[in-house]
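J.: Input: one structure, supplied below.
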Amino acid sequence: MQMTVLAISLVVMALISLVFIGAIRSGGRAQAPGSVERRRLALILAMLAVGIVVTIASLRPWPQAVAMTADTPTINVTGGQWYWEIDNTELPQGVPVIFNAHTEDVTHGFGVMNDVGRLLFQVQVMPGYVNQVQYVFDTPGEYTVVCLEYCGVAHHAMITDFTVVTNQGGDDNG
Ligand SMILES: [Cu+2]
């Protein structure tokens with residue numbers, strides 16, 4: 001996806017440059033001596049080159065793509081009026097876990113809070129989409145799931161929980 005966007009950007013940049021070069025060539029020839037025209041063209045090409053280099057150099061992989069491996073735990077979250085369903089309620093500590101969140105009806109907000117009620121992350125849960133969020137739980141314990149998007153009269157009751165358990169290093173957890 002990112003490479004497609006890059007390719008489209010480069011093609012559009014090239015087209016814009018061609019339009020500029022064409023405009024420079026067709027107009028103002030009488031006023032601008034050849035050397036000025038050449039310097040202007042060189043400046044445009046230099047700016048184009050800098051733009052391409054900066055564009056490529058500033059590309060970064062998406063964070064979840066960096067952390068995700070074949071054995072990254074994936075948790076499926078289903079939201080509905082007015083409940084949460086989580087297919088795994090014992091999550092490992094200290095490793096990235098992926099939440100795949102979808103809704104059975106209206107838009108909800110999947111929000112996860114720690115044991116002192118601090119919001120750790122949230123992701124919008126929208127009809128027709130599976131939204132993904134990745135998180136590393138540093139602390140074992142109880143975590144609370146709430147809904148952060150008003151979804152009807154019992155919105156406030158959309159609460160559930162899950163546990164993060166200590167990852168005993170060396171154990172086979174796959
Ligand atoms: Cu809600």
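The chains in the structure tokens are called A, B, ... from first to last as shown; in each chain the residues are counted from 1, and the ligands are counted from 1 in the order shown.
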Considering only C-alpha atoms, return as an NGL selection string whatever protein or nucleic-acid residues lie within 9 Å of A:His155, sequence-local ones (same chain, fewer than 5 positions apart) excluded.
T.: :A and (81-83 or 108 or 147-150)
J.: Restrict the selected residues to N, CA, C and O atoms and save them as a PDB file, in the first residue's frame.
T.:
ATOM      1  N   GLN A  81     -24.513  -4.178  20.721  1.00  0.00           N
ATOM      2  CA  GLN A  81     -25.381  -3.522  21.707  1.00  0.00           C
ATOM      3  C   GLN A  81     -25.926  -4.588  22.664  1.00  0.00           C
ATOM      4  O   GLN A  81     -26.771  -5.381  22.270  1.00  0.00           O
ATOM      5  N   TRP A  82     -25.488  -4.687  23.912  1.00  0.00           N
ATOM      6  CA  TRP A  82     -24.440  -3.859  24.469  1.00  0.00           C
ATOM      7  C   TRP A  82     -23.505  -4.778  25.219  1.00  0.00           C
ATOM      8  O   TRP A  82     -23.695  -5.040  26.400  1.00  0.00           O
ATOM      9  N   TYR A  83     -22.547  -5.276  24.514  1.00  0.00           N
ATOM     10  CA  TYR A  83     -21.638  -6.271  25.094  1.00  0.00           C
ATOM     11  C   TYR A  83     -20.321  -6.247  24.333  1.00  0.00           C
ATOM     12  O   TYR A  83     -20.231  -5.717  23.202  1.00  0.00           O
ATOM     13  N   HIS A 108     -18.779   1.290  17.795  1.00  0.00           N
ATOM     14  CA  HIS A 108     -18.394   1.317  19.201  1.00  0.00           C
ATOM     15  C   HIS A 108     -16.948   1.794  19.298  1.00  0.00           C
ATOM     16  O   HIS A 108     -16.257   1.925  18.287  1.00  0.00           O
ATOM     17  N   CYS A 147     -16.646   0.928  26.425  1.00  0.00           N
ATOM     18  CA  CYS A 147     -17.016   1.473  25.118  1.00  0.00           C
ATOM     19  C   CYS A 147     -16.854   2.985  25.168  1.00  0.00           C
ATOM     20  O   CYS A 147     -17.354   3.636  26.078  1.00  0.00           O
ATOM     21  N   LEU A 148     -16.129   3.545  24.207  1.00  0.00           N
ATOM     22  CA  LEU A 148     -15.849   4.979  24.200  1.00  0.00           C
ATOM     23  C   LEU A 148     -16.584   5.713  23.084  1.00  0.00           C
ATOM     24  O   LEU A 148     -16.214   6.822  22.725  1.00  0.00           O
ATOM     25  N   GLU A 149     -17.590   5.045  22.518  1.00  0.00           N
ATOM     26  CA  GLU A 149     -18.402   5.710  21.483  1.00  0.00           C
ATOM     27  C   GLU A 149     -19.860   5.495  21.857  1.00  0.00           C
ATOM     28  O   GLU A 149     -20.296   4.339  21.954  1.00  0.00           O
ATOM     29  N   TYR A 150     -20.596   6.587  22.088  1.00  0.00           N
ATOM     30  CA  TYR A 150     -21.988   6.421  22.529  1.00  0.00           C
ATOM     31  C   TYR A 150     -22.763   5.593  21.509  1.00  0.00           C
ATOM     32  O   TYR A 150     -22.789   5.923  20.324  1.00  0.00           O
TER      33      TYR A 150
END
J.: Step by step, measure atom-to-atom distances between ligand 1 and each residue using only C-alpha atoms and all ligand atoms, keep those at most 12 Å, then write them as a PDB file with all heavy atoms, in the first residue's frame.
T.:
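Dumped to part17.pdb:
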ATOM      1  N   GLY A  79     -17.836  -6.282  19.221  1.00  0.00           N
ATOM      2  CA  GLY A  79     -18.674  -5.341  19.955  1.00  0.00           C
ATOM      3  C   GLY A  79     -20.104  -5.425  19.458  1.00  0.00           C
ATOM      4  O   GLY A  79     -20.341  -5.669  18.270  1.00  0.00           O
ATOM      5  N   GLY A  80     -21.059  -5.241  20.367  1.00  0.00           N
ATOM      6  CA  GLY A  80     -22.464  -5.236  19.971  1.00  0.00           C
ATOM      7  C   GLY A  80     -23.273  -4.525  21.036  1.00  0.00           C
ATOM      8  O   GLY A  80     -22.780  -4.278  22.142  1.00  0.00           O
ATOM      9  N   GLN A  81     -24.513  -4.178  20.721  1.00  0.00           N
ATOM     10  CA  GLN A  81     -25.381  -3.522  21.707  1.00  0.00           C
ATOM     11  C   GLN A  81     -25.926  -4.588  22.664  1.00  0.00           C
ATOM     12  O   GLN A  81     -26.771  -5.381  22.270  1.00  0.00           O
ATOM     13  CB  GLN A  81     -26.516  -2.799  20.999  1.00  0.00           C
ATOM     14  CG  GLN A  81     -26.036  -1.540  20.272  1.00  0.00           C
ATOM     15  CD  GLN A  81     -27.095  -0.978  19.349  1.00  0.00           C
ATOM     16  OE1 GLN A  81     -27.725  -1.717  18.597  1.00  0.00           O
ATOM     17  NE2 GLN A  81     -27.282   0.326  19.371  1.00  0.00           N
ATOM     18  N   TRP A  82     -25.488  -4.687  23.912  1.00  0.00           N
ATOM     19  CA  TRP A  82     -24.440  -3.859  24.469  1.00  0.00           C
ATOM     20  C   TRP A  82     -23.505  -4.778  25.219  1.00  0.00           C
ATOM     21  O   TRP A  82     -23.695  -5.040  26.400  1.00  0.00           O
ATOM     22  CB  TRP A  82     -25.039  -2.801  25.415  1.00  0.00           C
ATOM     23  CG  TRP A  82     -25.783  -1.721  24.661  1.00  0.00           C
ATOM     24  CD1 TRP A  82     -25.233  -0.585  24.147  1.00  0.00           C
ATOM     25  CD2 TRP A  82     -27.161  -1.650  24.335  1.00  0.00           C
ATOM     26  NE1 TRP A  82     -26.195   0.175  23.524  1.00  0.00           N
ATOM     27  CE2 TRP A  82     -27.402  -0.463  23.617  1.00  0.00           C
ATOM     28  CE3 TRP A  82     -28.255  -2.510  24.565  1.00  0.00           C
ATOM     29  CZ2 TRP A  82     -28.650  -0.087  23.139  1.00  0.00           C
ATOM     30  CZ3 TRP A  82     -29.500  -2.135  24.083  1.00  0.00           C
ATOM     31  CH2 TRP A  82     -29.677  -0.939  23.384  1.00  0.00           C
ATOM     32  N   TYR A  83     -22.547  -5.276  24.514  1.00  0.00           N
ATOM     33  CA  TYR A  83     -21.638  -6.271  25.094  1.00  0.00           C
ATOM     34  C   TYR A  83     -20.321  -6.247  24.333  1.00  0.00           C
ATOM     35  O   TYR A  83     -20.231  -5.717  23.202  1.00  0.00           O
ATOM     36  CB  TYR A  83     -22.262  -7.683  24.976  1.00  0.00           C
ATOM     37  CG  TYR A  83     -22.574  -8.065  23.547  1.00  0.00           C
ATOM     38  CD1 TYR A  83     -21.617  -8.690  22.751  1.00  0.00           C
ATOM     39  CD2 TYR A  83     -23.813  -7.777  22.969  1.00  0.00           C
ATOM     40  CE1 TYR A  83     -21.882  -9.005  21.424  1.00  0.00           C
ATOM     41  CE2 TYR A  83     -24.078  -8.086  21.650  1.00  0.00           C
ATOM     42  CZ  TYR A  83     -23.117  -8.700  20.881  1.00  0.00           C
ATOM     43  OH  TYR A  83     -23.373  -8.999  19.569  1.00  0.00           O
ATOM     44  N   TRP A  84     -19.312  -6.803  24.982  1.00  0.00           N
ATOM     45  CA  TRP A  84     -18.047  -7.104  24.305  1.00  0.00           C
ATOM     46  C   TRP A  84     -17.819  -8.605  24.369  1.00  0.00           C
ATOM     47  O   TRP A  84     -18.080  -9.219  25.401  1.00  0.00           O
ATOM     48  CB  TRP A  84     -16.859  -6.415  24.997  1.00  0.00           C
ATOM     49  CG  TRP A  84     -16.801  -4.934  24.854  1.00  0.00           C
ATOM     50  CD1 TRP A  84     -16.967  -4.012  25.844  1.00  0.00           C
ATOM     51  CD2 TRP A  84     -16.502  -4.198  23.671  1.00  0.00           C
ATOM     52  NE1 TRP A  84     -16.824  -2.745  25.348  1.00  0.00           N
ATOM     53  CE2 TRP A  84     -16.534  -2.832  24.017  1.00  0.00           C
ATOM     54  CE3 TRP A  84     -16.218  -4.549  22.349  1.00  0.00           C
ATOM     55  CZ2 TRP A  84     -16.294  -1.815  23.086  1.00  0.00           C
ATOM     56  CZ3 TRP A  84     -15.975  -3.543  21.429  1.00  0.00           C
ATOM     57  CH2 TRP A  84     -16.010  -2.190  21.803  1.00  0.00           C
ATOM     58  N   THR A 103     -17.579  -4.920  14.801  1.00  0.00           N
ATOM     59  CA  THR A 103     -18.875  -4.724  15.436  1.00  0.00           C
ATOM     60  C   THR A 103     -19.949  -5.536  14.722  1.00  0.00           C
ATOM     61  O   THR A 103     -19.850  -5.781  13.523  1.00  0.00           O
ATOM     62  CB  THR A 103     -19.270  -3.233  15.448  1.00  0.00           C
ATOM     63  OG1 THR A 103     -20.607  -3.119  15.942  1.00  0.00           O
ATOM     64  CG2 THR A 103     -19.215  -2.637  14.057  1.00  0.00           C
ATOM     65  N   ASP A 105     -23.154  -4.495  15.009  1.00  0.00           N
ATOM     66  CA  ASP A 105     -24.255  -3.578  14.726  1.00  0.00           C
ATOM     67  C   ASP A 105     -23.745  -2.161  14.432  1.00  0.00           C
ATOM     68  O   ASP A 105     -23.433  -1.857  13.294  1.00  0.00           O
ATOM     69  CB  ASP A 105     -25.283  -3.603  15.874  1.00  0.00           C
ATOM     70  CG  ASP A 105     -24.632  -3.696  17.252  1.00  0.00           C
ATOM     71  OD1 ASP A 105     -23.720  -2.891  17.512  1.00  0.00           O
ATOM     72  OD2 ASP A 105     -25.037  -4.549  18.069  1.00  0.00           O
ATOM     73  N   VAL A 106     -23.648  -1.332  15.465  1.00  0.00           N
ATOM     74  CA  VAL A 106     -23.313   0.077  15.250  1.00  0.00           C
ATOM     75  C   VAL A 106     -21.848   0.321  15.631  1.00  0.00           C
ATOM     76  O   VAL A 106     -21.141  -0.589  16.048  1.00  0.00           O
ATOM     77  CB  VAL A 106     -24.239   1.000  16.074  1.00  0.00           C
ATOM     78  CG1 VAL A 106     -25.687   0.791  15.685  1.00  0.00           C
ATOM     79  CG2 VAL A 106     -24.052   0.751  17.572  1.00  0.00           C
ATOM     80  N   THR A 107     -21.416   1.562  15.477  1.00  0.00           N
ATOM     81  CA  THR A 107     -20.047   1.915  15.830  1.00  0.00           C
ATOM     82  C   THR A 107     -19.858   1.905  17.344  1.00  0.00           C
ATOM     83  O   THR A 107     -20.704   2.419  18.088  1.00  0.00           O
ATOM     84  CB  THR A 107     -19.702   3.308  15.280  1.00  0.00           C
ATOM     85  OG1 THR A 107     -19.814   3.278  13.865  1.00  0.00           O
ATOM     86  CG2 THR A 107     -18.283   3.714  15.662  1.00  0.00           C
ATOM     87  N   HIS A 108     -18.779   1.290  17.795  1.00  0.00           N
ATOM     88  CA  HIS A 108     -18.394   1.317  19.201  1.00  0.00           C
ATOM     89  C   HIS A 108     -16.948   1.794  19.298  1.00  0.00           C
ATOM     90  O   HIS A 108     -16.257   1.925  18.287  1.00  0.00           O
ATOM     91  CB  HIS A 108     -18.513  -0.086  19.826  1.00  0.00           C
ATOM     92  CG  HIS A 108     -19.892  -0.660  19.768  1.00  0.00           C
ATOM     93  ND1 HIS A 108     -20.884  -0.306  20.645  1.00  0.00           N
ATOM     94  CD2 HIS A 108     -20.446  -1.564  18.911  1.00  0.00           C
ATOM     95  CE1 HIS A 108     -21.999  -0.973  20.353  1.00  0.00           C
ATOM     96  NE2 HIS A 108     -21.763  -1.740  19.300  1.00  0.00           N
ATOM     97  N   GLY A 109     -16.526   2.038  20.537  1.00  0.00           N
ATOM     98  CA  GLY A 109     -15.132   2.407  20.763  1.00  0.00           C
ATOM     99  C   GLY A 109     -14.516   1.428  21.744  1.00  0.00           C
ATOM    100  O   GLY A 109     -14.904   1.390  22.918  1.00  0.00           O
ATOM    101  N   PHE A 110     -13.573   0.617  21.265  1.00  0.00           N
ATOM    102  CA  PHE A 110     -12.925  -0.389  22.107  1.00  0.00           C
ATOM    103  C   PHE A 110     -11.810   0.298  22.898  1.00  0.00           C
ATOM    104  O   PHE A 110     -10.770   0.656  22.349  1.00  0.00           O
ATOM    105  CB  PHE A 110     -12.370  -1.515  21.225  1.00  0.00           C
ATOM    106  CG  PHE A 110     -11.577  -2.564  21.939  1.00  0.00           C
ATOM    107  CD1 PHE A 110     -12.189  -3.443  22.820  1.00  0.00           C
ATOM    108  CD2 PHE A 110     -10.212  -2.692  21.719  1.00  0.00           C
ATOM    109  CE1 PHE A 110     -11.457  -4.427  23.474  1.00  0.00           C
ATOM    110  CE2 PHE A 110      -9.470  -3.681  22.365  1.00  0.00           C
ATOM    111  CZ  PHE A 110     -10.099  -4.547  23.239  1.00  0.00           C
ATOM    112  N   GLY A 111     -12.066   0.494  24.190  1.00  0.00           N
ATOM    113  CA  GLY A 111     -11.079   1.161  25.030  1.00  0.00           C
ATOM    114  C   GLY A 111     -10.631   0.244  26.155  1.00  0.00           C
ATOM    115  O   GLY A 111     -11.450  -0.456  26.748  1.00  0.00           O
ATOM    116  N   GLN A 124     -11.451   2.630  17.213  1.00  0.00           N
ATOM    117  CA  GLN A 124     -12.831   2.723  16.757  1.00  0.00           C
ATOM    118  C   GLN A 124     -13.249   1.371  16.166  1.00  0.00           C
ATOM    119  O   GLN A 124     -12.457   0.711  15.490  1.00  0.00           O
ATOM    120  CB  GLN A 124     -12.914   3.818  15.687  1.00  0.00           C
ATOM    121  CG  GLN A 124     -14.268   4.415  15.545  1.00  0.00           C
ATOM    122  CD  GLN A 124     -14.587   5.369  16.681  1.00  0.00           C
ATOM    123  OE1 GLN A 124     -13.741   5.657  17.511  1.00  0.00           O
ATOM    124  NE2 GLN A 124     -15.813   5.837  16.723  1.00  0.00           N
ATOM    125  N   VAL A 125     -14.454   0.951  16.458  1.00  0.00           N
ATOM    126  CA  VAL A 125     -14.970  -0.332  15.964  1.00  0.00           C
ATOM    127  C   VAL A 125     -16.151  -0.002  15.051  1.00  0.00           C
ATOM    128  O   VAL A 125     -17.189   0.449  15.524  1.00  0.00           O
ATOM    129  CB  VAL A 125     -15.405  -1.227  17.141  1.00  0.00           C
ATOM    130  CG1 VAL A 125     -15.819  -2.596  16.653  1.00  0.00           C
ATOM    131  CG2 VAL A 125     -14.269  -1.354  18.149  1.00  0.00           C
ATOM    132  N   MET A 126     -15.963  -0.204  13.752  1.00  0.00           N
ATOM    133  CA  MET A 126     -16.911   0.338  12.779  1.00  0.00           C
ATOM    134  C   MET A 126     -17.544  -0.763  11.949  1.00  0.00           C
ATOM    135  O   MET A 126     -16.881  -1.736  11.588  1.00  0.00           O
ATOM    136  CB  MET A 126     -16.189   1.319  11.858  1.00  0.00           C
ATOM    137  CG  MET A 126     -15.530   2.448  12.603  1.00  0.00           C
ATOM    138  SD  MET A 126     -14.732   3.629  11.503  1.00  0.00           S
ATOM    139  CE  MET A 126     -13.469   2.639  10.761  1.00  0.00           C
ATOM    140  N   VAL A 145     -12.319  -3.390  29.812  1.00  0.00           N
ATOM    141  CA  VAL A 145     -12.707  -2.930  28.480  1.00  0.00           C
ATOM    142  C   VAL A 145     -13.972  -2.105  28.612  1.00  0.00           C
ATOM    143  O   VAL A 145     -14.942  -2.534  29.251  1.00  0.00           O
ATOM    144  CB  VAL A 145     -12.952  -4.130  27.541  1.00  0.00           C
ATOM    145  CG1 VAL A 145     -13.476  -3.649  26.191  1.00  0.00           C
ATOM    146  CG2 VAL A 145     -11.688  -4.951  27.376  1.00  0.00           C
ATOM    147  N   VAL A 146     -13.965  -0.911  28.030  1.00  0.00           N
ATOM    148  CA  VAL A 146     -15.148  -0.060  28.033  1.00  0.00           C
ATOM    149  C   VAL A 146     -15.471   0.341  26.597  1.00  0.00           C
ATOM    150  O   VAL A 146     -14.675   0.120  25.685  1.00  0.00           O
ATOM    151  CB  VAL A 146     -14.936   1.211  28.896  1.00  0.00           C
ATOM    152  CG1 VAL A 146     -14.742   0.841  30.357  1.00  0.00           C
ATOM    153  CG2 VAL A 146     -13.747   2.014  28.375  1.00  0.00           C
ATOM    154  N   CYS A 147     -16.646   0.928  26.425  1.00  0.00           N
ATOM    155  CA  CYS A 147     -17.016   1.473  25.118  1.00  0.00           C
ATOM    156  C   CYS A 147     -16.854   2.985  25.168  1.00  0.00           C
ATOM    157  O   CYS A 147     -17.354   3.636  26.078  1.00  0.00           O
ATOM    158  CB  CYS A 147     -18.443   1.097  24.740  1.00  0.00           C
ATOM    159  SG  CYS A 147     -18.906   1.716  23.100  1.00  0.00           S
ATOM    160  N   LEU A 148     -16.129   3.545  24.207  1.00  0.00           N
ATOM    161  CA  LEU A 148     -15.849   4.979  24.200  1.00  0.00           C
ATOM    162  C   LEU A 148     -16.584   5.713  23.084  1.00  0.00           C
ATOM    163  O   LEU A 148     -16.214   6.822  22.725  1.00  0.00           O
ATOM    164  CB  LEU A 148     -14.340   5.203  24.084  1.00  0.00           C
ATOM    165  CG  LEU A 148     -13.527   4.700  25.285  1.00  0.00           C
ATOM    166  CD1 LEU A 148     -12.047   4.881  25.031  1.00  0.00           C
ATOM    167  CD2 LEU A 148     -13.928   5.440  26.551  1.00  0.00           C
ATOM    168  N   GLU A 149     -17.590   5.045  22.518  1.00  0.00           N
ATOM    169  CA  GLU A 149     -18.402   5.710  21.483  1.00  0.00           C
ATOM    170  C   GLU A 149     -19.860   5.495  21.857  1.00  0.00           C
ATOM    171  O   GLU A 149     -20.296   4.339  21.954  1.00  0.00           O
ATOM    172  CB  GLU A 149     -18.090   5.091  20.121  1.00  0.00           C
ATOM    173  CG  GLU A 149     -18.925   5.638  18.980  1.00  0.00           C
ATOM    174  CD  GLU A 149     -18.460   7.016  18.520  1.00  0.00           C
ATOM    175  OE1 GLU A 149     -17.232   7.213  18.449  1.00  0.00           O
ATOM    176  OE2 GLU A 149     -19.318   7.860  18.259  1.00  0.00           O
ATOM    177  N   TYR A 150     -20.596   6.587  22.088  1.00  0.00           N
ATOM    178  CA  TYR A 150     -21.988   6.421  22.529  1.00  0.00           C
ATOM    179  C   TYR A 150     -22.763   5.593  21.509  1.00  0.00           C
ATOM    180  O   TYR A 150     -22.789   5.923  20.324  1.00  0.00           O
ATOM    181  CB  TYR A 150     -22.673   7.781  22.741  1.00  0.00           C
ATOM    182  CG  TYR A 150     -24.074   7.589  23.233  1.00  0.00           C
ATOM    183  CD1 TYR A 150     -24.304   7.200  24.549  1.00  0.00           C
ATOM    184  CD2 TYR A 150     -25.161   7.736  22.383  1.00  0.00           C
ATOM    185  CE1 TYR A 150     -25.594   6.983  25.005  1.00  0.00           C
ATOM    186  CE2 TYR A 150     -26.447   7.517  22.838  1.00  0.00           C
ATOM    187  CZ  TYR A 150     -26.652   7.137  24.150  1.00  0.00           C
ATOM    188  OH  TYR A 150     -27.923   6.907  24.597  1.00  0.00           O
ATOM    189  N   CYS A 151     -23.393   4.489  21.984  1.00  0.00           N
ATOM    190  CA  CYS A 151     -24.001   3.532  21.062  1.00  0.00           C
ATOM    191  C   CYS A 151     -25.414   3.153  21.483  1.00  0.00           C
ATOM    192  O   CYS A 151     -25.945   2.152  21.003  1.00  0.00           O
ATOM    193  CB  CYS A 151     -23.121   2.292  20.953  1.00  0.00           C
ATOM    194  SG  CYS A 151     -22.798   1.522  22.544  1.00  0.00           S
ATOM    195  N   GLY A 152     -26.032   3.911  22.361  1.00  0.00           N
ATOM    196  CA  GLY A 152     -27.406   3.611  22.741  1.00  0.00           C
ATOM    197  C   GLY A 152     -27.592   3.645  24.245  1.00  0.00           C
ATOM    198  O   GLY A 152     -26.678   3.977  24.994  1.00  0.00           O
ATOM    199  N   VAL A 153     -28.809   3.266  24.674  1.00  0.00           N
ATOM    200  CA  VAL A 153     -29.192   3.489  26.078  1.00  0.00           C
ATOM    201  C   VAL A 153     -28.318   2.725  27.069  1.00  0.00           C
ATOM    202  O   VAL A 153     -28.118   3.188  28.187  1.00  0.00           O
ATOM    203  CB  VAL A 153     -30.669   3.133  26.318  1.00  0.00           C
ATOM    204  CG1 VAL A 153     -31.575   4.142  25.640  1.00  0.00           C
ATOM    205  CG2 VAL A 153     -30.985   1.721  25.856  1.00  0.00           C
ATOM    206  N   ALA A 154     -27.808   1.563  26.686  1.00  0.00           N
ATOM    207  CA  ALA A 154     -26.999   0.783  27.641  1.00  0.00           C
ATOM    208  C   ALA A 154     -25.505   0.867  27.307  1.00  0.00           C
ATOM    209  O   ALA A 154     -24.727  -0.009  27.681  1.00  0.00           O
ATOM    210  CB  ALA A 154     -27.460  -0.667  27.675  1.00  0.00           C
ATOM    211  N   HIS A 155     -25.130   1.927  26.623  1.00  0.00           N
ATOM    212  CA  HIS A 155     -23.720   2.139  26.255  1.00  0.00           C
ATOM    213  C   HIS A 155     -22.792   2.015  27.469  1.00  0.00           C
ATOM    214  O   HIS A 155     -21.743   1.380  27.403  1.00  0.00           O
ATOM    215  CB  HIS A 155     -23.602   3.532  25.611  1.00  0.00           C
ATOM    216  CG  HIS A 155     -22.246   4.119  25.643  1.00  0.00           C
ATOM    217  ND1 HIS A 155     -21.213   3.632  24.875  1.00  0.00           N
ATOM    218  CD2 HIS A 155     -21.739   5.160  26.347  1.00  0.00           C
ATOM    219  CE1 HIS A 155     -20.126   4.369  25.107  1.00  0.00           C
ATOM    220  NE2 HIS A 155     -20.416   5.279  25.989  1.00  0.00           N
ATOM    221  N   HIS A 156     -23.248   2.613  28.598  1.00  0.00           N
ATOM    222  CA  HIS A 156     -22.408   2.625  29.799  1.00  0.00           C
ATOM    223  C   HIS A 156     -22.193   1.223  30.362  1.00  0.00           C
ATOM    224  O   HIS A 156     -21.282   1.012  31.156  1.00  0.00           O
ATOM    225  CB  HIS A 156     -23.072   3.505  30.867  1.00  0.00           C
ATOM    226  CG  HIS A 156     -24.424   2.995  31.258  1.00  0.00           C
ATOM    227  ND1 HIS A 156     -25.556   3.250  30.505  1.00  0.00           N
ATOM    228  CD2 HIS A 156     -24.826   2.206  32.278  1.00  0.00           C
ATOM    229  CE1 HIS A 156     -26.594   2.654  31.066  1.00  0.00           C
ATOM    230  NE2 HIS A 156     -26.179   2.012  32.140  1.00  0.00           N
ATOM    231  N   ALA A 157     -23.051   0.258  29.962  1.00  0.00           N
ATOM    232  CA  ALA A 157     -22.938  -1.099  30.513  1.00  0.00           C
ATOM    233  C   ALA A 157     -22.025  -1.987  29.673  1.00  0.00           C
ATOM    234  O   ALA A 157     -21.842  -3.153  29.990  1.00  0.00           O
ATOM    235  CB  ALA A 157     -24.327  -1.727  30.626  1.00  0.00           C
ATOM    236  N   MET A 158     -21.477  -1.447  28.604  1.00  0.00           N
ATOM    237  CA  MET A 158     -20.581  -2.251  27.761  1.00  0.00           C
ATOM    238  C   MET A 158     -19.215  -2.344  28.414  1.00  0.00           C
ATOM    239  O   MET A 158     -18.266  -1.678  28.028  1.00  0.00           O
ATOM    240  CB  MET A 158     -20.446  -1.632  26.363  1.00  0.00           C
ATOM    241  CG  MET A 158     -21.519  -2.097  25.393  1.00  0.00           C
ATOM    242  SD  MET A 158     -21.271  -1.445  23.735  1.00  0.00           S
ATOM    243  CE  MET A 158     -19.897  -2.418  23.138  1.00  0.00           C
ATOM    244  N   ILE A 159     -19.140  -3.187  29.434  1.00  0.00           N
ATOM    245  CA  ILE A 159     -17.898  -3.328  30.193  1.00  0.00           C
ATOM    246  C   ILE A 159     -17.580  -4.810  30.305  1.00  0.00           C
ATOM    247  O   ILE A 159     -18.470  -5.622  30.559  1.00  0.00           O
ATOM    248  CB  ILE A 159     -18.040  -2.707  31.600  1.00  0.00           C
ATOM    249  CG1 ILE A 159     -18.291  -1.205  31.479  1.00  0.00           C
ATOM    250  CG2 ILE A 159     -16.797  -2.977  32.437  1.00  0.00           C
ATOM    251  CD1 ILE A 159     -18.563  -0.520  32.809  1.00  0.00           C
TER     252      ILE A 159
END
J.: As an MDAnalysis selection string, please: all residues of stretch 1-95 of chain A that backbone DSSP puts in helix (DSSP H, G or I).
T.: chainID A and resid 2:26 34:57 63:67
J.: Excluding same-chain residues fewer than 3 positions from A:Leu45, what lies within 12 Å of it counting only C-alpha atoms, as a compact mmCIF listing (two decimals) with N, CA and C atoms, in the first residue's frame?
T.:
# COMPACT_ATOMS: atom_id res chain seq x y z
N MET A 13 4.43 13.93 -9.15
CA MET A 13 5.51 14.92 -9.08
C MET A 13 6.18 15.10 -10.43
N ALA A 14 6.39 13.97 -11.14
CA ALA A 14 7.03 14.04 -12.45
C ALA A 14 6.15 14.80 -13.43
N ILE A 16 3.87 17.11 -12.72
CA ILE A 16 3.89 18.53 -12.37
C ILE A 16 5.18 19.17 -12.87
N SER A 17 6.29 18.47 -12.73
CA SER A 17 7.57 18.99 -13.20
C SER A 17 7.55 19.20 -14.70
N LEU A 18 6.97 18.23 -15.44
CA LEU A 18 6.89 18.36 -16.89
C LEU A 18 6.07 19.58 -17.28
N PHE A 20 5.71 22.32 -15.53
CA PHE A 20 6.54 23.50 -15.26
C PHE A 20 7.59 23.68 -16.36
N ILE A 21 8.24 22.57 -16.70
CA ILE A 21 9.29 22.66 -17.73
C ILE A 21 8.69 23.12 -19.05
N ARG A 38 18.40 27.76 -18.52
CA ARG A 38 19.10 26.53 -18.12
C ARG A 38 19.26 26.45 -16.61
N ARG A 39 19.58 27.60 -16.01
CA ARG A 39 19.74 27.59 -14.55
C ARG A 39 18.41 27.30 -13.86
N ARG A 40 17.32 27.86 -14.43
CA ARG A 40 15.99 27.61 -13.86
C ARG A 40 15.64 26.12 -13.95
N LEU A 41 15.93 25.53 -15.11
CA LEU A 41 15.65 24.11 -15.31
C LEU A 41 16.49 23.27 -14.34
N ALA A 42 17.76 23.66 -14.19
CA ALA A 42 18.63 22.92 -13.27
C ALA A 42 18.09 23.01 -11.84
N LEU A 48 13.43 18.68 -7.60
CA LEU A 48 12.74 17.41 -7.82
C LEU A 48 13.55 16.27 -7.21
N ALA A 49 14.87 16.29 -7.44
CA ALA A 49 15.72 15.23 -6.90
C ALA A 49 15.69 15.24 -5.37
N VAL A 50 15.78 16.45 -4.78
CA VAL A 50 15.72 16.55 -3.32
C VAL A 50 14.37 16.03 -2.81
N GLY A 51 13.29 16.39 -3.51
CA GLY A 51 11.96 15.93 -3.11
C GLY A 51 11.85 14.42 -3.12
N ILE A 52 12.40 13.78 -4.16
CA ILE A 52 12.34 12.32 -4.26
C ILE A 52 13.16 11.68 -3.13
J.: What does the structure give for the distance between atom CA of A:Leu43 and atom CA of A:Gln2, in Å to one decimal?
T.: 28.5 Å
J.: Give me, as a list in words, all polymer residues having an atom no more than 8 Å from A:Glu142, counting only C-alpha atoms and skipping those fewer than 3 positions away in the same chain.
T.: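 Counting only the stated atoms, we get Asn114, Asp115, Asp161, Phe162, Thr163 and Val164 of chain A.
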J.: Which of these residues is nearest to A:Thr72, using only C-alpha atoms: A:Ala57, A:Ile98, A:Ile24, A:Leu119?
T.: A:Ile98
